[in-house]
Amino acid sequence: MSFNSLFFILFFLPVCIGLYYILPKRAENFFLLLINLLFYALSNELLVLLLILSALMNYLFGKLNFFNRRRVYLVLSILVNLIFLGFFKYYNFFVSSVHEILKNFPIDFILPKLISDLILPLGISFFTFRAISYQVDVYRRKTEPCQNLVSFMVYFTLFPVITAGPIIRYADLRDQLNERETNFSCFIQGMERFILGLFKKVLIAGTFAGIADRIFTSQITGLSMGLAWIGILSYTFQIFFDFSGYTDMAIGIGRMLGFRFAENFNFPYFAKNIQGFWQRWHITLSTWLRDYIFLPLAYFISKNLIKERYILMRTDRIIYFFAILITFFICGFWHGAGWTFIIWGLYYAVFLILEQFGLRRLLKHTWSPIQHFYTLTVVIVGWVIFRSDNMDSAIRYLSRMFSFEQGNSFLNSELGFYIFNTETFVATLLAIFFSFPFNQQLNKVIKNKIRNYSIAYYTVNSVRILIFVILIVVSLSYISSTSYQPFLYKKF
């Protein structure tokens, strides 16, 4: 079940929110736990047992890590979580990689392959990272372990964020698990955020998904340079509005339930360098990687360096070099079991290292549009690697983007007829508007110029309500009239 299905929007969510609001406070967490498990079970009733087992295991390990504080329990808890993730997400990748390496050797070495239709548990990457952060924070005494099993299960299985984030930490949600406010204001705020996210997903991301898929699945040698750029620009918009749309919907549902989740995007395509991009894109993942991989790695490496310089390089640069390489290797591998994801992660590591070693300082002295152009170019090229099935396809697609080739005239005219229409034009204008902070600036102007409870205040709020009514009607119409498209980022 997905947030953008008619069943979820018109039945599951209204019924759950309605019952949640009329229940007594003491029953909220228990009811919410039932909702969480039901949501997961509707995707696959067997895999909900894995989710429950993982939650119980982490609940017990949390207590061991706090009251005994022996590193062996921390290592064991992290290892068990990674085994779950590794088996379901990476087993076939490892097996196929080993076979590929050994196939040219005279070794009769066979590893059993899993059946090809092995079901990947929804959100396993996200709840694994959430579990690891909980164990580490408890071990470091940054938070006490949760004493109430139901409250912990609610945190671990919270359905708005279970499948695609944001990656919420227990310390940020601890007080809200015990006491949270639910009222009409929370409901309206949450509903508006949910509608905005739904609109981003089904209209903007949905429109560009059709274009990107059509171009990327076409014969690359038949594409013109212009169509190659249209394909990757469409994917650039698709992945952003698909994921930020989901985040808006998750935050909105959380707000309706009385929670305040961390923001996950801050106009990443508006960044002036790659470090800034990662401070704005998937913020909860970026901060997770910083706190639980990069900083511990940097500390470990620094403890083992005894000189101030090695081969004319300062130790602080050596520390950054190795820590960022390993961190983004893990970042890429976390996104998917494939070499393109690993190379995509290392690709960003290279630019972050270059910026740390002087490129960022150089960029600061250039014209602001040049900084934005540099960042967008790096990001767009990165999305080609990320979107491609293999590196051979990525290289061929990139060569088509940067060569003045006309391609196949019949294919180009067919794709052009499919792409250039009113729907695409409107989606492009909306994508540009929501990719940059125009909306924030507009809200600031309205807030500063309009006095509360004046005629202008009521007029603006009436227009606001009308806009959101139009957005939900358009979104539902679009869902009912087009083929079902699940959220793109769930598979990562």
# chains A, B, ... in the order shown; residues from 1 in each chain; ligands from 1

$ residues_around --residues "stretch 16-31 of chain A" --least-positions-apart "3" --cutoff "9 Å" --atoms "only C-alpha atoms" --output "list in words"
Phe11, Phe12, Leu13, Leu34, Ile35, Asn36, Val150, Ser151, Val154, Leu177, Asn178, Glu179, Thr182, Asn183, Ile253, Met256 and Leu257 of chain A

$ residues_around --residues "stretch 39-51 of chain A" --least-positions-apart "6" --cutoff "8 Å" --atoms "only C-alpha atoms" --output "ChimeraX atom specification"
/A:1,121-122,157,159

$ write_last_selection --atoms "N, CA and C atoms" --output "PDB file, in the first residue's frame"
ATOM      1  N   MET A   1       0.849  -1.198   0.000  1.00  0.00           N
ATOM      2  CA  MET A   1       0.000   0.000   0.000  1.00  0.00           C
ATOM      3  C   MET A   1       0.883   1.247   0.000  1.00  0.00           C
ATOM      4  N   PRO A 121      11.904  -6.492   2.106  1.00  0.00           N
ATOM      5  CA  PRO A 121      11.018  -5.865   3.095  1.00  0.00           C
ATOM      6  C   PRO A 121      10.973  -4.349   2.929  1.00  0.00           C
ATOM      7  N   LEU A 122       9.776  -3.796   2.939  1.00  0.00           N
ATOM      8  CA  LEU A 122       9.611  -2.356   2.776  1.00  0.00           C
ATOM      9  C   LEU A 122      10.387  -1.594   3.847  1.00  0.00           C
ATOM     10  N   THR A 157       8.138   1.223  14.354  1.00  0.00           N
ATOM     11  CA  THR A 157       7.261   0.825  13.248  1.00  0.00           C
ATOM     12  C   THR A 157       6.413   1.978  12.716  1.00  0.00           C
ATOM     13  N   PHE A 159       4.356   4.205  10.857  1.00  0.00           N
ATOM     14  CA  PHE A 159       4.069   3.962   9.438  1.00  0.00           C
ATOM     15  C   PHE A 159       4.332   5.144   8.506  1.00  0.00           C
TER      16      PHE A 159
END

$ select_by_dssp --residues "stretch 311-469 of chain A" --states "helix (DSSP H, G or I)" --output "PyMOL selection string"
chain A and resi 315-335+339-364+368-387+391-401+409-419+422-435+438-449+455-469

$ write_last_selection --atoms "C-alpha atoms" --output "short mmCIF file (atom, residue, chain, number, x, y, z; two decimals), in the first residue's frame"
data_model
loop_
_atom_site.label_atom_id
_atom_site.label_comp_id
_atom_site.auth_asym_id
_atom_site.auth_seq_id
_atom_site.Cartn_x
_atom_site.Cartn_y
_atom_site.Cartn_z
CA THR A 315 47.05 14.80 8.67
CA ASP A 316 43.71 16.64 8.79
CA ARG A 317 43.45 16.26 5.01
CA ILE A 318 44.39 12.59 5.19
CA ILE A 319 41.69 12.07 7.81
CA TYR A 320 39.07 13.82 5.66
CA PHE A 321 40.17 11.99 2.51
CA PHE A 322 39.77 8.47 3.90
CA ALA A 323 36.74 9.23 6.09
CA ILE A 324 34.75 10.81 3.24
CA LEU A 325 35.68 8.05 0.78
CA ILE A 326 34.46 5.31 3.13
CA THR A 327 31.37 7.29 4.15
CA PHE A 328 30.22 7.85 0.58
CA PHE A 329 31.10 4.32 -0.44
CA ILE A 330 28.61 3.24 2.24
CA CYS A 331 26.16 5.95 1.14
CA GLY A 332 26.20 4.66 -2.42
CA PHE A 333 25.96 1.00 -1.41
CA TRP A 334 23.08 1.80 0.96
CA HIS A 335 21.08 3.17 -1.95
CA TRP A 339 28.12 -1.04 -8.87
CA THR A 340 26.45 2.06 -10.31
CA PHE A 341 25.33 3.08 -6.81
CA ILE A 342 28.82 2.52 -5.38
CA ILE A 343 30.42 4.55 -8.17
CA TRP A 344 27.77 7.25 -7.68
CA GLY A 345 28.73 7.50 -3.99
CA LEU A 346 32.47 7.63 -4.77
CA TYR A 347 31.79 10.21 -7.51
CA TYR A 348 30.40 12.57 -4.85
CA ALA A 349 33.29 11.74 -2.51
CA VAL A 350 35.76 12.95 -5.18
CA PHE A 351 34.01 16.33 -5.52
CA LEU A 352 33.72 16.75 -1.75
CA ILE A 353 37.47 16.07 -1.42
CA LEU A 354 38.26 18.55 -4.20
CA GLU A 355 36.11 21.18 -2.51
CA GLN A 356 37.76 20.53 0.85
CA PHE A 357 41.22 20.83 -0.74
CA GLY A 358 40.61 24.25 -2.31
CA LEU A 359 37.82 24.10 -4.92
CA ARG A 360 35.17 25.48 -2.55
CA ARG A 361 37.39 28.43 -1.65
CA LEU A 362 37.93 29.11 -5.36
CA LEU A 363 34.18 28.90 -6.07
CA LYS A 364 33.41 31.50 -3.40
CA SER A 368 26.98 33.22 -7.86
CA PRO A 369 25.28 31.80 -11.02
CA ILE A 370 28.55 30.01 -11.87
CA GLN A 371 28.48 28.31 -8.45
CA HIS A 372 24.89 27.17 -9.03
CA PHE A 373 25.75 25.99 -12.55
CA TYR A 374 28.72 23.96 -11.26
CA THR A 375 26.59 22.29 -8.58
CA LEU A 376 23.69 21.45 -10.90
CA THR A 377 26.06 20.06 -13.54
CA VAL A 378 27.75 17.75 -11.04
CA VAL A 379 24.39 16.64 -9.64
CA ILE A 380 22.84 16.00 -13.06
CA VAL A 381 25.81 13.94 -14.24
CA GLY A 382 25.58 12.02 -10.97
CA TRP A 383 21.90 11.24 -11.63
CA VAL A 384 22.89 9.66 -14.97
CA ILE A 385 25.08 7.18 -13.08
CA PHE A 386 22.39 6.66 -10.46
CA ARG A 387 19.63 6.04 -13.04
CA MET A 391 28.28 1.82 -16.09
CA ASP A 392 28.42 0.99 -19.79
CA SER A 393 24.93 2.47 -20.23
CA ALA A 394 25.88 5.49 -18.10
CA ILE A 395 28.99 6.23 -20.18
CA ARG A 396 27.06 5.89 -23.45
CA TYR A 397 24.30 8.17 -22.16
CA LEU A 398 26.82 10.79 -20.99
CA SER A 399 28.60 10.69 -24.34
CA ARG A 400 25.25 11.33 -26.04
CA MET A 401 24.63 14.33 -23.74
CA SER A 409 14.97 11.14 -36.71
CA PHE A 410 11.95 8.83 -36.39
CA LEU A 411 12.65 8.11 -32.70
CA ASN A 412 13.27 11.77 -31.93
CA SER A 413 10.07 12.91 -33.63
CA GLU A 414 8.08 10.21 -31.83
CA LEU A 415 9.52 11.16 -28.42
CA GLY A 416 9.14 14.86 -29.19
CA PHE A 417 5.45 14.37 -29.91
CA TYR A 418 5.08 12.54 -26.60
CA ILE A 419 7.05 15.10 -24.54
CA THR A 422 0.64 21.44 -22.25
CA GLU A 423 0.90 19.00 -19.33
CA THR A 424 4.70 18.92 -19.55
CA PHE A 425 4.87 22.70 -19.84
CA VAL A 426 2.75 23.20 -16.70
CA ALA A 427 4.72 20.53 -14.79
CA THR A 428 7.99 22.26 -15.75
CA LEU A 429 6.79 25.64 -14.45
CA LEU A 430 5.63 24.01 -11.19
CA ALA A 431 8.92 22.09 -10.86
CA ILE A 432 10.97 25.28 -11.21
CA PHE A 433 8.71 27.10 -8.73
CA PHE A 434 8.98 24.39 -6.04
CA SER A 435 12.70 23.67 -6.64
CA PHE A 438 10.02 31.33 -4.33
CA ASN A 439 7.23 29.99 -2.14
CA GLN A 440 9.13 30.80 1.08
CA GLN A 441 9.76 34.36 -0.06
CA LEU A 442 6.10 34.77 -0.99
CA ASN A 443 4.97 33.53 2.43
CA LYS A 444 7.38 35.95 4.15
CA VAL A 445 6.02 38.89 2.19
CA ILE A 446 2.42 37.94 2.99
CA LYS A 447 3.24 37.43 6.67
CA ASN A 448 5.02 40.78 6.97
CA LYS A 449 2.47 42.81 5.00
CA ILE A 455 -9.90 41.66 5.78
CA ALA A 456 -6.72 40.87 3.83
CA TYR A 457 -5.92 38.10 6.34
CA TYR A 458 -9.26 36.37 5.80
CA THR A 459 -9.04 36.89 2.04
CA VAL A 460 -5.58 35.29 1.84
CA ASN A 461 -6.66 32.34 4.00
CA SER A 462 -9.76 31.81 1.85
CA VAL A 463 -7.57 31.75 -1.27
CA ARG A 464 -5.20 29.36 0.51
CA ILE A 465 -8.05 26.96 1.31
CA LEU A 466 -9.27 27.15 -2.29
CA ILE A 467 -5.79 26.37 -3.60
CA PHE A 468 -5.48 23.25 -1.43
CA VAL A 469 -8.96 22.09 -2.46
#

$ closest_residue --among "A:Thr366, A:Ser388, A:Asn266, A:Gln275" --to "A:Ile215" --atoms "only C-alpha atoms"
A:Ser388

$ residues_around --residues "stretch 199-208 of chain A" --least-positions-apart "5" --cutoff "6 Å" --atoms "only C-alpha atoms" --output "PyMOL selection string"
chain A and resi 234+238+241-242+245+427+475

$ write_last_selection --atoms "N, CA and C atoms" --output "mmCIF file, in the first residue's frame"
data_model
loop_
_atom_site.group_PDB
_atom_site.id
_atom_site.type_symbol
_atom_site.label_atom_id
_atom_site.label_comp_id
_atom_site.auth_asym_id
_atom_site.auth_seq_id
_atom_site.Cartn_x
_atom_site.Cartn_y
_atom_site.Cartn_z
ATOM 1 N N SER A 234 14.474 15.489 -16.762
ATOM 2 C CA SER A 234 13.200 14.940 -16.281
ATOM 3 C C SER A 234 13.434 14.045 -15.071
ATOM 4 N N GLN A 238 12.102 14.324 -11.395
ATOM 5 C CA GLN A 238 11.320 13.184 -10.904
ATOM 6 C C GLN A 238 11.789 12.720 -9.531
ATOM 7 N N PHE A 241 11.061 15.414 -6.693
ATOM 8 C CA PHE A 241 9.662 15.595 -6.305
ATOM 9 C C PHE A 241 9.020 14.296 -5.839
ATOM 10 N N ASP A 242 9.523 13.168 -6.288
ATOM 11 C CA ASP A 242 9.042 11.901 -5.767
ATOM 12 C C ASP A 242 9.408 11.768 -4.290
ATOM 13 N N GLY A 245 8.141 14.819 -2.161
ATOM 14 C CA GLY A 245 6.696 14.662 -2.039
ATOM 15 C C GLY A 245 6.345 13.647 -0.977
ATOM 16 N N ALA A 427 3.911 21.256 -15.783
ATOM 17 C CA ALA A 427 4.718 20.534 -14.793
ATOM 18 C C ALA A 427 6.107 21.159 -14.661
ATOM 19 N N SER A 475 -5.085 16.162 -7.866
ATOM 20 C CA SER A 475 -4.273 14.983 -7.547
ATOM 21 C C SER A 475 -5.089 13.705 -7.616
#

$ atom_distance --atom1 "atom CA of A:Tyr292" --atom2 "atom CA of A:Phe152"
21.0 Å

$ atom_distance --atom1 "atom CA of A:Val138" --atom2 "atom CA of A:Phe126"
18.5 Å

$ atom_distance --atom1 "atom CA of A:Phe3" --atom2 "atom CA of A:Tyr246"
7.8 Å
